[in-house]
>>> print(open('run03.pdb').read())   # PDB, C-alpha atoms and all ligand atoms
ATOM      1  CA  MET A  21     -15.008  29.813  -9.725
ATOM      2  CA  ASN A  22     -13.488  30.313 -13.166
ATOM      3  CA  TYR A  23     -12.502  26.718 -13.889
ATOM      4  CA  ARG A  24     -14.614  25.002 -16.554
ATOM      5  CA  HIS A  25     -13.754  21.398 -17.260
ATOM      6  CA  ALA A  26     -15.105  21.699 -20.818
ATOM      7  CA  PHE A  27     -11.727  23.245 -21.811
ATOM      8  CA  HIS A  28      -9.850  20.190 -20.544
ATOM      9  CA  ALA A  29     -12.231  17.246 -21.034
ATOM     10  CA  GLY A  30     -10.563  14.225 -22.600
ATOM     11  CA  ASN A  31      -7.033  15.476 -21.965
ATOM     12  CA  PHE A  32      -4.209  13.238 -20.689
ATOM     13  CA  GLY A  33      -5.205  13.885 -17.073
ATOM     14  CA  ASP A  34      -8.755  12.716 -17.748
ATOM     15  CA  VAL A  35      -7.448   9.651 -19.572
ATOM     16  CA  LEU A  36      -5.355   8.490 -16.598
ATOM     17  CA  LYS A  37      -8.077   9.344 -14.057
ATOM     18  CA  HIS A  38     -10.890   7.655 -15.956
ATOM     19  CA  ILE A  39      -8.946   4.480 -16.793
ATOM     20  CA  VAL A  40      -8.191   4.024 -13.087
ATOM     21  CA  LEU A  41     -11.751   4.915 -12.011
ATOM     22  CA  ALA A  42     -13.112   2.306 -14.440
ATOM     23  CA  LEU A  43     -10.631  -0.335 -13.209
ATOM     24  CA  VAL A  44     -11.684   0.303  -9.607
ATOM     25  CA  ILE A  45     -15.385   0.044 -10.500
ATOM     26  CA  GLU A  46     -14.825  -3.147 -12.489
ATOM     27  CA  HIS A  47     -13.067  -4.648  -9.480
ATOM     28  CA  LEU A  48     -16.035  -3.715  -7.258
ATOM     29  CA  LYS A  49     -18.296  -5.550  -9.714
ATOM     30  CA  ALA A  50     -16.561  -8.843  -8.989
ATOM     31  CA  LYS A  51     -18.910  -9.145  -5.973
ATOM     32  CA  GLU A  52     -22.702  -9.074  -6.182
ATOM     33  CA  THR A  53     -23.213  -6.784  -3.171
ATOM     34  CA  ALA A  54     -24.067  -3.189  -3.977
ATOM     35  CA  PHE A  55     -21.473  -0.421  -4.014
ATOM     36  CA  ARG A  56     -21.594   3.374  -3.951
ATOM     37  CA  VAL A  57     -19.698   5.799  -6.167
ATOM     38  CA  ILE A  58     -19.222   9.333  -4.807
ATOM     39  CA  ASP A  59     -17.864  12.010  -7.135
ATOM     40  CA  THR A  60     -17.089  15.140  -5.073
ATOM     41  CA  HIS A  61     -16.175  17.433  -8.002
ATOM     42  CA  ALA A  62     -18.272  15.906 -10.753
ATOM     43  CA  GLY A  63     -18.373  18.497 -13.560
ATOM     44  CA  ILE A  64     -21.219  18.281 -16.102
ATOM     45  CA  GLY A  65     -20.878  14.604 -17.010
ATOM     46  CA  ARG A  66     -20.800  14.910 -20.807
ATOM     47  CA  TYR A  67     -18.579  17.169 -22.930
ATOM     48  CA  ASP A  68     -18.955  18.306 -26.522
ATOM     49  CA  LEU A  69     -15.539  17.879 -28.148
ATOM     50  CA  ALA A  70     -16.616  20.008 -31.119
ATOM     51  CA  GLY A  71     -17.824  22.783 -28.812
ATOM     52  CA  ASP A  72     -16.257  26.187 -28.423
ATOM     53  CA  GLU A  73     -14.534  25.457 -25.087
ATOM     54  CA  ALA A  74     -13.047  22.120 -26.180
ATOM     55  CA  GLU A  75     -11.837  23.726 -29.398
ATOM     56  CA  ARG A  76     -10.213  26.634 -27.584
ATOM     57  CA  GLY A  77      -8.692  24.331 -24.952
ATOM     58  CA  ASP A  78      -7.370  22.041 -27.692
ATOM     59  CA  GLU A  79      -6.316  19.393 -25.150
ATOM     60  CA  TRP A  80      -8.364  16.321 -26.078
ATOM     61  CA  PRO A  81      -6.526  15.610 -29.368
ATOM     62  CA  ASP A  82      -3.411  14.810 -27.269
ATOM     63  CA  GLY A  83      -5.475  12.743 -24.818
ATOM     64  CA  ILE A  84      -8.449  10.638 -25.884
ATOM     65  CA  GLY A  85      -7.672  11.606 -29.518
ATOM     66  CA  ARG A  86      -4.364   9.742 -29.371
ATOM     67  CA  ILE A  87      -5.816   6.759 -27.523
ATOM     68  CA  VAL A  88      -8.529   6.032 -30.089
ATOM     69  CA  ALA A  89      -5.934   6.231 -32.876
ATOM     70  CA  ALA A  90      -3.472   3.876 -31.120
ATOM     71  CA  ALA A  91      -3.165   0.095 -31.259
ATOM     72  CA  PRO A  92      -2.306  -1.064 -27.738
ATOM     73  CA  PRO A  93      -0.954  -4.549 -27.053
ATOM     74  CA  ALA A  94      -3.610  -7.049 -25.953
ATOM     75  CA  ASP A  95      -2.938  -6.857 -22.189
ATOM     76  CA  VAL A  96      -3.143  -3.027 -22.216
ATOM     77  CA  ALA A  97      -6.238  -3.115 -24.449
ATOM     78  CA  ALA A  98      -7.932  -5.328 -21.839
ATOM     79  CA  LEU A  99      -7.033  -2.888 -19.037
ATOM     80  CA  ILE A 100      -8.384   0.204 -20.803
ATOM     81  CA  ALA A 101     -11.437  -1.565 -22.305
ATOM     82  CA  PRO A 102     -13.947  -0.803 -19.505
ATOM     83  CA  TRP A 103     -13.335   2.946 -19.919
ATOM     84  CA  LEU A 104     -12.827   2.983 -23.682
ATOM     85  CA  ASP A 105     -16.011   0.978 -24.286
ATOM     86  CA  VAL A 106     -17.959   3.728 -22.493
ATOM     87  CA  VAL A 107     -16.275   6.401 -24.632
ATOM     88  CA  ARG A 108     -17.043   4.424 -27.803
ATOM     89  CA  ALA A 109     -20.672   3.901 -26.753
ATOM     90  CA  GLU A 110     -20.995   7.705 -26.418
ATOM     91  CA  ASN A 111     -19.726   8.076 -30.006
ATOM     92  CA  GLU A 112     -21.745   5.537 -31.892
ATOM     93  CA  GLY A 113     -20.929   6.763 -35.391
ATOM     94  CA  GLY A 114     -17.220   6.153 -34.720
ATOM     95  CA  THR A 115     -16.237   9.835 -34.937
ATOM     96  CA  LEU A 116     -15.130  11.274 -31.608
ATOM     97  CA  LEU A 117     -17.603  14.064 -30.836
ATOM     98  CA  THR A 118     -18.398  13.570 -27.175
ATOM     99  CA  TYR A 119     -16.392  12.726 -24.093
ATOM    100  CA  PRO A 120     -18.027  11.270 -20.973
ATOM    101  CA  GLY A 121     -16.980  12.738 -17.639
ATOM    102  CA  SER A 122     -16.423  10.767 -14.451
ATOM    103  CA  PRO A 123     -20.065  10.596 -13.249
ATOM    104  CA  LEU A 124     -21.284   9.358 -16.628
ATOM    105  CA  ILE A 125     -18.495   6.770 -16.854
ATOM    106  CA  ALA A 126     -19.412   5.553 -13.369
ATOM    107  CA  ARG A 127     -23.116   5.451 -14.226
ATOM    108  CA  ARG A 128     -22.506   3.461 -17.418
ATOM    109  CA  LEU A 129     -20.429   0.877 -15.512
ATOM    110  CA  MET A 130     -22.747   0.528 -12.506
ATOM    111  CA  ARG A 131     -25.285  -2.245 -12.077
ATOM    112  CA  ARG A 132     -28.934  -2.210 -11.003
ATOM    113  CA  GLN A 133     -28.016  -2.437  -7.300
ATOM    114  CA  ASP A 134     -25.328   0.292  -7.288
ATOM    115  CA  ARG A 135     -25.730   4.009  -6.584
ATOM    116  CA  LEU A 136     -23.932   7.236  -7.537
ATOM    117  CA  THR A 137     -23.748  10.495  -5.587
ATOM    118  CA  ALA A 138     -22.417  13.294  -7.810
ATOM    119  CA  ILE A 139     -21.531  16.682  -6.276
ATOM    120  CA  GLU A 140     -20.773  19.896  -8.176
ATOM    121  CA  LEU A 141     -20.529  23.429  -6.793
ATOM    122  CA  HIS A 142     -20.763  25.569  -9.946
ATOM    123  CA  PRO A 143     -24.459  26.434 -10.350
ATOM    124  CA  ASP A 144     -24.506  26.120 -14.166
ATOM    125  CA  ASP A 145     -22.495  22.897 -14.175
ATOM    126  CA  GLY A 146     -24.575  21.535 -11.298
ATOM    127  CA  ALA A 147     -27.759  22.276 -13.251
ATOM    128  CA  ALA A 148     -26.348  20.543 -16.361
ATOM    129  CA  LEU A 149     -25.388  17.523 -14.244
ATOM    130  CA  ALA A 150     -28.836  17.389 -12.638
ATOM    131  CA  ALA A 151     -30.447  17.547 -16.098
ATOM    132  CA  LEU A 152     -28.205  14.720 -17.374
ATOM    133  CA  PHE A 153     -29.349  12.388 -14.583
ATOM    134  CA  SER A 154     -32.895  13.692 -14.277
ATOM    135  CA  GLY A 155     -35.284  10.853 -13.443
ATOM    136  CA  ASP A 156     -32.460   8.383 -12.780
ATOM    137  CA  ARG A 157     -33.184   6.860  -9.379
ATOM    138  CA  HIS A 158     -29.665   5.404  -9.203
ATOM    139  CA  VAL A 159     -28.128   8.871  -9.087
ATOM    140  CA  THR A 160     -28.294  11.696  -6.542
ATOM    141  CA  VAL A 161     -26.938  15.069  -7.687
ATOM    142  CA  ARG A 162     -25.996  17.609  -5.023
ATOM    143  CA  ILE A 163     -25.194  21.183  -5.988
ATOM    144  CA  ALA A 164     -22.870  21.810  -3.075
ATOM    145  CA  ASP A 165     -19.284  22.106  -1.926
ATOM    146  CA  GLY A 166     -17.601  18.743  -2.501
ATOM    147  CA  TRP A 167     -15.106  19.124   0.361
ATOM    148  CA  ALA A 168     -17.777  19.942   2.931
ATOM    149  CA  SER A 169     -20.138  17.304   1.525
ATOM    150  CA  LEU A 170     -17.676  14.522   2.314
ATOM    151  CA  LYS A 171     -18.811  14.776   5.916
ATOM    152  CA  ALA A 172     -22.473  14.492   4.977
ATOM    153  CA  VAL A 173     -22.178  11.622   2.489
ATOM    154  CA  LEU A 174     -19.659   9.421   4.358
ATOM    155  CA  PRO A 175     -20.102   6.715   5.285
ATOM    156  CA  PRO A 176     -22.817   5.678   2.799
ATOM    157  CA  PRO A 177     -25.105   2.751   3.620
ATOM    158  CA  GLU A 178     -23.006   0.455   1.412
ATOM    159  CA  ARG A 179     -19.800  -0.945   2.891
ATOM    160  CA  ARG A 180     -18.087  -0.967  -0.502
ATOM    161  CA  GLY A 181     -17.456   1.720  -3.053
ATOM    162  CA  VAL A 182     -15.230   4.464  -4.392
ATOM    163  CA  VAL A 183     -14.903   8.204  -3.805
ATOM    164  CA  LEU A 184     -13.334  10.307  -6.553
ATOM    165  CA  VAL A 185     -11.914  13.628  -5.308
ATOM    166  CA  ASP A 186     -11.068  15.630  -8.429
ATOM    167  CA  PRO A 187     -10.752  19.329  -7.512
ATOM    168  CA  ALA A 188     -10.251  22.179  -9.949
ATOM    169  CA  PHE A 189      -6.955  23.334  -8.350
ATOM    170  CA  GLU A 190      -7.872  26.995  -8.909
ATOM    171  CA  VAL A 191      -6.834  28.146  -5.458
ATOM    172  CA  ALA A 192      -3.471  27.793  -3.705
ATOM    173  CA  GLY A 193      -3.148  25.007  -1.168
ATOM    174  CA  GLU A 194      -5.439  22.461  -2.791
ATOM    175  CA  LEU A 195      -2.701  19.772  -2.875
ATOM    176  CA  PRO A 196      -2.255  19.678   0.939
ATOM    177  CA  ARG A 197      -6.017  20.101   1.267
ATOM    178  CA  LEU A 198      -6.477  16.982  -0.858
ATOM    179  CA  GLY A 199      -4.157  15.012   1.435
ATOM    180  CA  GLU A 200      -5.937  16.150   4.588
ATOM    181  CA  ALA A 201      -9.398  15.504   3.090
ATOM    182  CA  LEU A 202      -8.425  11.987   2.018
ATOM    183  CA  VAL A 203      -7.227  11.075   5.518
ATOM    184  CA  ARG A 204     -10.403  12.485   7.105
ATOM    185  CA  ALA A 205     -12.624  10.743   4.542
ATOM    186  CA  TRP A 206     -10.838   7.410   5.022
ATOM    187  CA  ARG A 207     -11.417   7.671   8.781
ATOM    188  CA  ARG A 208     -15.159   8.074   8.127
ATOM    189  CA  TRP A 209     -15.301   5.174   5.661
ATOM    190  CA  PRO A 210     -12.274   2.915   6.171
ATOM    191  CA  THR A 211     -13.597   0.220   3.820
ATOM    192  CA  GLY A 212     -14.012   2.601   0.865
ATOM    193  CA  THR A 213     -11.573   3.195  -1.963
ATOM    194  CA  PHE A 214     -10.539   6.821  -2.528
ATOM    195  CA  ILE A 215      -9.016   8.285  -5.682
ATOM    196  CA  GLY A 216      -7.475  11.757  -5.469
ATOM    197  CA  TRP A 217      -6.424  13.482  -8.715
ATOM    198  CA  TYR A 218      -3.747  16.194  -8.830
ATOM    199  CA  PRO A 219      -1.832  18.216 -11.423
ATOM    200  CA  VAL A 220       1.948  17.744 -11.482
ATOM    201  CA  LYS A 221       3.830  21.056 -11.577
ATOM    202  CA  GLY A 222       7.197  19.831 -10.315
ATOM    203  CA  ARG A 223       7.903  16.769  -8.207
ATOM    204  CA  ALA A 224       8.361  18.471  -4.829
ATOM    205  CA  PRO A 225       4.700  19.319  -4.056
ATOM    206  CA  VAL A 226       3.618  15.871  -5.226
ATOM    207  CA  ASP A 227       6.282  14.181  -3.100
ATOM    208  CA  ALA A 228       5.020  16.200  -0.117
ATOM    209  CA  LEU A 229       1.453  14.961  -0.731
ATOM    210  CA  HIS A 230       2.691  11.363  -0.989
ATOM    211  CA  ALA A 231       4.747  11.760   2.212
ATOM    212  CA  HIS A 232       1.776  13.241   4.089
ATOM    213  CA  LEU A 233      -0.399  10.266   3.133
ATOM    214  CA  ALA A 234       2.366   7.723   3.737
ATOM    215  CA  ASP A 235       2.838   9.145   7.251
ATOM    216  CA  SER A 236      -0.900   8.929   7.986
ATOM    217  CA  PRO A 237      -2.627   5.863   9.470
ATOM    218  CA  ILE A 238      -3.883   4.901   5.987
ATOM    219  CA  ASP A 239      -2.429   1.433   5.440
ATOM    220  CA  LYS A 240      -3.052   0.715   1.744
ATOM    221  CA  LEU A 241      -1.909   3.328  -0.739
ATOM    222  CA  VAL A 242      -0.571   3.501  -4.278
ATOM    223  CA  ALA A 243       0.266   6.573  -6.367
ATOM    224  CA  VAL A 244       0.719   6.938 -10.101
ATOM    225  CA  ASP A 245       2.167   9.937 -11.946
ATOM    226  CA  LEU A 246       2.080  10.499 -15.690
ATOM    227  CA  PHE A 247       4.504  13.058 -17.138
ATOM    228  CA  VAL A 248       3.795  14.118 -20.711
ATOM    229  CA  ARG A 249       7.007  16.167 -20.572
ATOM    230  CA  ASP A 250       9.649  17.010 -17.965
ATOM    231  CA  PRO A 251       7.646  17.479 -14.728
ATOM    232  CA  GLU A 252       9.820  20.476 -13.789
ATOM    233  CA  SER A 253       9.183  22.298 -17.081
ATOM    234  CA  ALA A 254       7.205  25.549 -17.235
ATOM    235  CA  GLY A 255       4.309  26.280 -19.606
ATOM    236  CA  ARG A 256       1.453  23.880 -20.240
ATOM    237  CA  LEU A 257       0.727  21.315 -17.542
ATOM    238  CA  PRO A 258       3.507  18.702 -17.729
ATOM    239  CA  GLY A 259       1.825  15.916 -15.792
ATOM    240  CA  ALA A 260      -0.965  14.580 -13.630
ATOM    241  CA  GLY A 261      -1.255  11.938 -10.981
ATOM    242  CA  LEU A 262      -3.525   9.989  -8.696
ATOM    243  CA  VAL A 263      -3.310   8.664  -5.182
ATOM    244  CA  VAL A 264      -5.482   5.631  -4.546
ATOM    245  CA  VAL A 265      -6.339   4.737  -0.953
ATOM    246  CA  ASN A 266      -7.453   1.130  -0.421
ATOM    247  CA  PRO A 267      -6.737   0.238  -4.060
ATOM    248  CA  PRO A 268      -7.977  -3.062  -5.442
ATOM    249  CA  TRP A 269      -5.168  -5.566  -4.826
ATOM    250  CA  THR A 270      -4.845  -5.953  -8.604
ATOM    251  CA  LEU A 271      -4.289  -2.224  -9.269
ATOM    252  CA  PRO A 272      -0.524  -1.786  -8.651
ATOM    253  CA  ASP A 273       0.372  -4.598 -11.071
ATOM    254  CA  ALA A 274      -2.183  -3.324 -13.583
ATOM    255  CA  LEU A 275      -0.502   0.112 -13.442
ATOM    256  CA  ASP A 276       2.909  -1.494 -14.009
ATOM    257  CA  ARG A 277       1.556  -3.021 -17.226
ATOM    258  CA  LEU A 278      -0.445   0.023 -18.356
ATOM    259  CA  MET A 279       1.847   2.951 -17.691
ATOM    260  CA  PRO A 280       4.777   2.296 -20.072
ATOM    261  CA  TRP A 281       2.352   2.221 -23.002
ATOM    262  CA  LEU A 282       0.262   5.135 -21.748
ATOM    263  CA  ALA A 283       3.303   7.358 -21.110
ATOM    264  CA  GLU A 284       4.724   6.588 -24.555
ATOM    265  CA  THR A 285       1.388   7.142 -26.312
ATOM    266  CA  LEU A 286       0.686  10.461 -24.560
ATOM    267  CA  ALA A 287       4.252  11.877 -24.526
ATOM    268  CA  GLN A 288       4.514  15.493 -25.683
ATOM    269  CA  GLY A 289       8.207  16.228 -25.197
ATOM    270  CA  PRO A 290      11.515  15.438 -23.491
ATOM    271  CA  GLY A 291      11.249  14.100 -19.936
ATOM    272  CA  ALA A 292       7.947  12.259 -20.529
ATOM    273  CA  GLY A 293       7.494   9.181 -18.372
ATOM    274  CA  PHE A 294       5.697   7.851 -15.336
ATOM    275  CA  ARG A 295       6.128   6.440 -11.880
ATOM    276  CA  VAL A 296       4.070   3.953  -9.876
ATOM    277  CA  ARG A 297       4.728   4.240  -6.146
ATOM    278  CA  ARG A 298       3.567   1.553  -3.738
ATOM    279  CA  LEU A 299       3.458   3.899  -0.751
ATOM    280  CA  LYS A 300       1.805   1.392   1.623
ATOM    281  CA  ALA A 301       1.405  -2.320   0.880
ATOM    282  CA  ALA A 302      -1.878  -3.001  -0.964
TER     283      ALA A 302
HETATM  284  N1  LIG B   1     -14.558  14.857 -12.154
HETATM  285  C1  LIG B   1     -14.866  15.443 -13.457
HETATM  286  C2  LIG B   1     -14.526  14.438 -14.529
HETATM  287  O1  LIG B   1     -13.554  13.695 -14.366
HETATM  288  O2  LIG B   1     -15.249  14.394 -15.533
HETATM  289  C3  LIG B   1     -14.095  16.711 -13.695
HETATM  290  C4  LIG B   1     -14.135  17.683 -12.584
HETATM  291  S1  LIG B   1     -13.253  19.177 -12.807
HETATM  292  C5  LIG B   1     -11.601  18.712 -12.719
HETATM  293  C6  LIG B   1     -13.504  19.959 -11.263
HETATM  294  C7  LIG B   1     -14.956  20.410 -11.045
HETATM  295  O3  LIG B   1     -15.072  20.833  -9.687
HETATM  296  C8  LIG B   1     -15.402  21.576 -11.883
HETATM  297  O4  LIG B   1     -16.578  21.220 -12.572
HETATM  298  C9  LIG B   1     -15.690  22.702 -10.878
HETATM  299  O5  LIG B   1     -16.797  23.504 -11.235
HETATM  300  C10 LIG B   1     -15.991  21.907  -9.641
HETATM  301  N2  LIG B   1     -15.738  22.560  -8.350
HETATM  302  C11 LIG B   1     -14.867  23.559  -8.030
HETATM  303  N3  LIG B   1     -14.877  23.777  -6.700
HETATM  304  C12 LIG B   1     -15.743  22.875  -6.170
HETATM  305  C13 LIG B   1     -16.137  22.555  -4.858
HETATM  306  N4  LIG B   1     -15.659  23.228  -3.809
HETATM  307  N5  LIG B   1     -17.029  21.559  -4.671
HETATM  308  C14 LIG B   1     -17.534  20.863  -5.721
HETATM  309  N6  LIG B   1     -17.181  21.117  -7.001
HETATM  310  C15 LIG B   1     -16.296  22.096  -7.221
END
>>> encode(input="run03.pdb", output="structure tokens", more="lines below")
Ligand code: SAM
Amino acid sequence: MNYRHAFHAGNFGDVLKHIVLALVIEHLKAKETAFRVIDTHAGIGRYDLAGDEAERGDEWPDGIGRIVAAAPPADVAALIAPWLDVVRAENEGGTLLTYPGSPLIARRLMRRQDRLTAIELHPDDGAALAALFSGDRHVTVRIADGWASLKAVLPPPERRGVVLVDPAFEVAGELPRLGEALVRAWRRWPTGTFIGWYPVKGRAPVDALHAHLADSPIDKLVAVDLFVRDPESAGRLPGAGLVVVNPPWTLPDALDRLMPWLAETLAQGPGAGFRVRRLKAA
């Protein structure tokens, strides 16, 4: 396990993932009944943007760095507000020094009745995550394999909630593995929402993931891809995407409004753009 998210925290992939995670959680909050958030590859929860790893990775200036410097139109500002308010609250002085990871964003958005299960396999990162949420009875941290844990944690007692599957993609075959895991997880908890994150290194493997899910019994599915440069180009990661199973009914239209601005703001070269694919009617 060589992957450390501290090198990548706050990059364009995090921005897309965390905006959508926050939108899903905000939608869950429209009803009083409790929901569960499950983060299968949770990381450490809080990242130091002035730290050695973030500095060497040098990715956040072209992600969250650009967002805080931008002036989005009012409808986009409203869509990104739930996430951006959490980022701002982590950086009270106004200078961007810290970036919250997915479990911390979820925890900040949750209510008294909601619960978070955060899973991380790396022993050091798992220990940091456990320390972050130490004494918080709303949060359970498991230092375990996120893929295998899906079986143990699904279904949760709550009928409603969201599972974020955000692997490190260090080993070959994690894209098909993501597709298979999402179908299995949905079968265990058909009322849950599932968000799967993936890197885009060419369209073909992503199209294969979309086709696998579209051919499955899952009946509500949307995908969104963000390309910061031509998705077929070599070198630094050109894009990232999400599949959302059982998306909130508002999500596809929200993505249509968000993505033109996000793709323009985060573009790094020729071929930048996005696509929103309604793979199964939401
Ligand atoms: N979800 C986090 C966020 O958005 O802030 C970032 C997670 S990062 C992309 C992937 C994480 O998965 C890393 O912290 C890595 O240590 C962890 N990891 C790798 N293999 C794992 C596994 N089999 N089960 C659980 N966690 C794993």
>>> resolve_selection(input="run03.pdb", expression="the PyMOL selection byres (((chain A and resi 102-115) around 7) and not hetatm)", output="PyMOL selection string")
chain A and resi 38-39+42+100-101+116-120+125+128
>>> axis_aligned_box(input="run03.pdb", around="ligand LIG 1 (chain B)", padding_each_side="8 Å", output="lines of an AutoDock Vina configuration file")
center_x = -14.6
center_y = 18.7
center_z = -9.7
size_x = 21.9
size_y = 26.1
size_z = 27.7
>>> closest_atom_pairs(input="run03.pdb", of="chain A", to="ligand LIG 1 (chain B)", cutoff="6 Å", atoms="all atoms listed in the file", output="CSV")
residue,atom,partner,partner_atom,distance
A:Tyr23,CA,B:LIG1,C9,5.9
A:Arg24,CA,B:LIG1,O4,5.8
A:His25,CA,B:LIG1,S1,5.0
A:Asp34,CA,B:LIG1,O1,6.0
A:Thr60,CA,B:LIG1,C14,5.8
A:His61,CA,B:LIG1,N6,3.9
A:Ala62,CA,B:LIG1,N1,4.1
A:Gly63,CA,B:LIG1,O4,3.4
A:Gly65,CA,B:LIG1,O2,5.8
A:Gly121,CA,B:LIG1,O2,3.2
A:Ser122,CA,B:LIG1,O2,4.0
A:Ile139,CA,B:LIG1,C14,5.8
A:Glu140,CA,B:LIG1,N6,4.0
A:Leu141,CA,B:LIG1,N6,4.1
A:His142,CA,B:LIG1,O5,4.7
A:Asp165,CA,B:LIG1,N5,3.6
A:Gly166,CA,B:LIG1,N5,3.6
A:Trp167,CA,B:LIG1,N4,5.9
A:Asp186,CA,B:LIG1,N1,5.2
A:Pro187,CA,B:LIG1,C6,4.7
A:Ala188,CA,B:LIG1,C6,4.2
>>> closest_residue(input="run03.pdb", among="A:Arg56, A:Arg66, A:Arg179, A:Arg76", to="Leu129 (chain A)", atoms="all atoms listed in the file")
A:Arg56
>>> resolve_selection(input="run03.pdb", expression="the PyMOL selection byres (((chain A and resi 152-158) around 7) and not hetatm)", output="list in words")
Asp134, Arg135, Leu136, Ala148, Leu149, Ala150, Ala151, Val159 and Thr160 of chain A
>>> write_last_selection(input="run03.pdb", atoms="C-alpha atoms", output="PDB file, keeping the file's coordinate frame")
ATOM      1  CA  ASP A 134     -25.328   0.292  -7.288  1.00  0.00           C
ATOM      2  CA  ARG A 135     -25.730   4.009  -6.584  1.00  0.00           C
ATOM      3  CA  LEU A 136     -23.932   7.236  -7.537  1.00  0.00           C
ATOM      4  CA  ALA A 148     -26.348  20.543 -16.361  1.00  0.00           C
ATOM      5  CA  LEU A 149     -25.388  17.523 -14.244  1.00  0.00           C
ATOM      6  CA  ALA A 150     -28.836  17.389 -12.638  1.00  0.00           C
ATOM      7  CA  ALA A 151     -30.447  17.547 -16.098  1.00  0.00           C
ATOM      8  CA  VAL A 159     -28.128   8.871  -9.087  1.00  0.00           C
ATOM      9  CA  THR A 160     -28.294  11.696  -6.542  1.00  0.00           C
TER      10      THR A 160
END
>>> atom_distance(input="run03.pdb", atom1="CA of Arg131 (chain A)", atom2="CA of Glu52 (chain A)")
9.4 Å
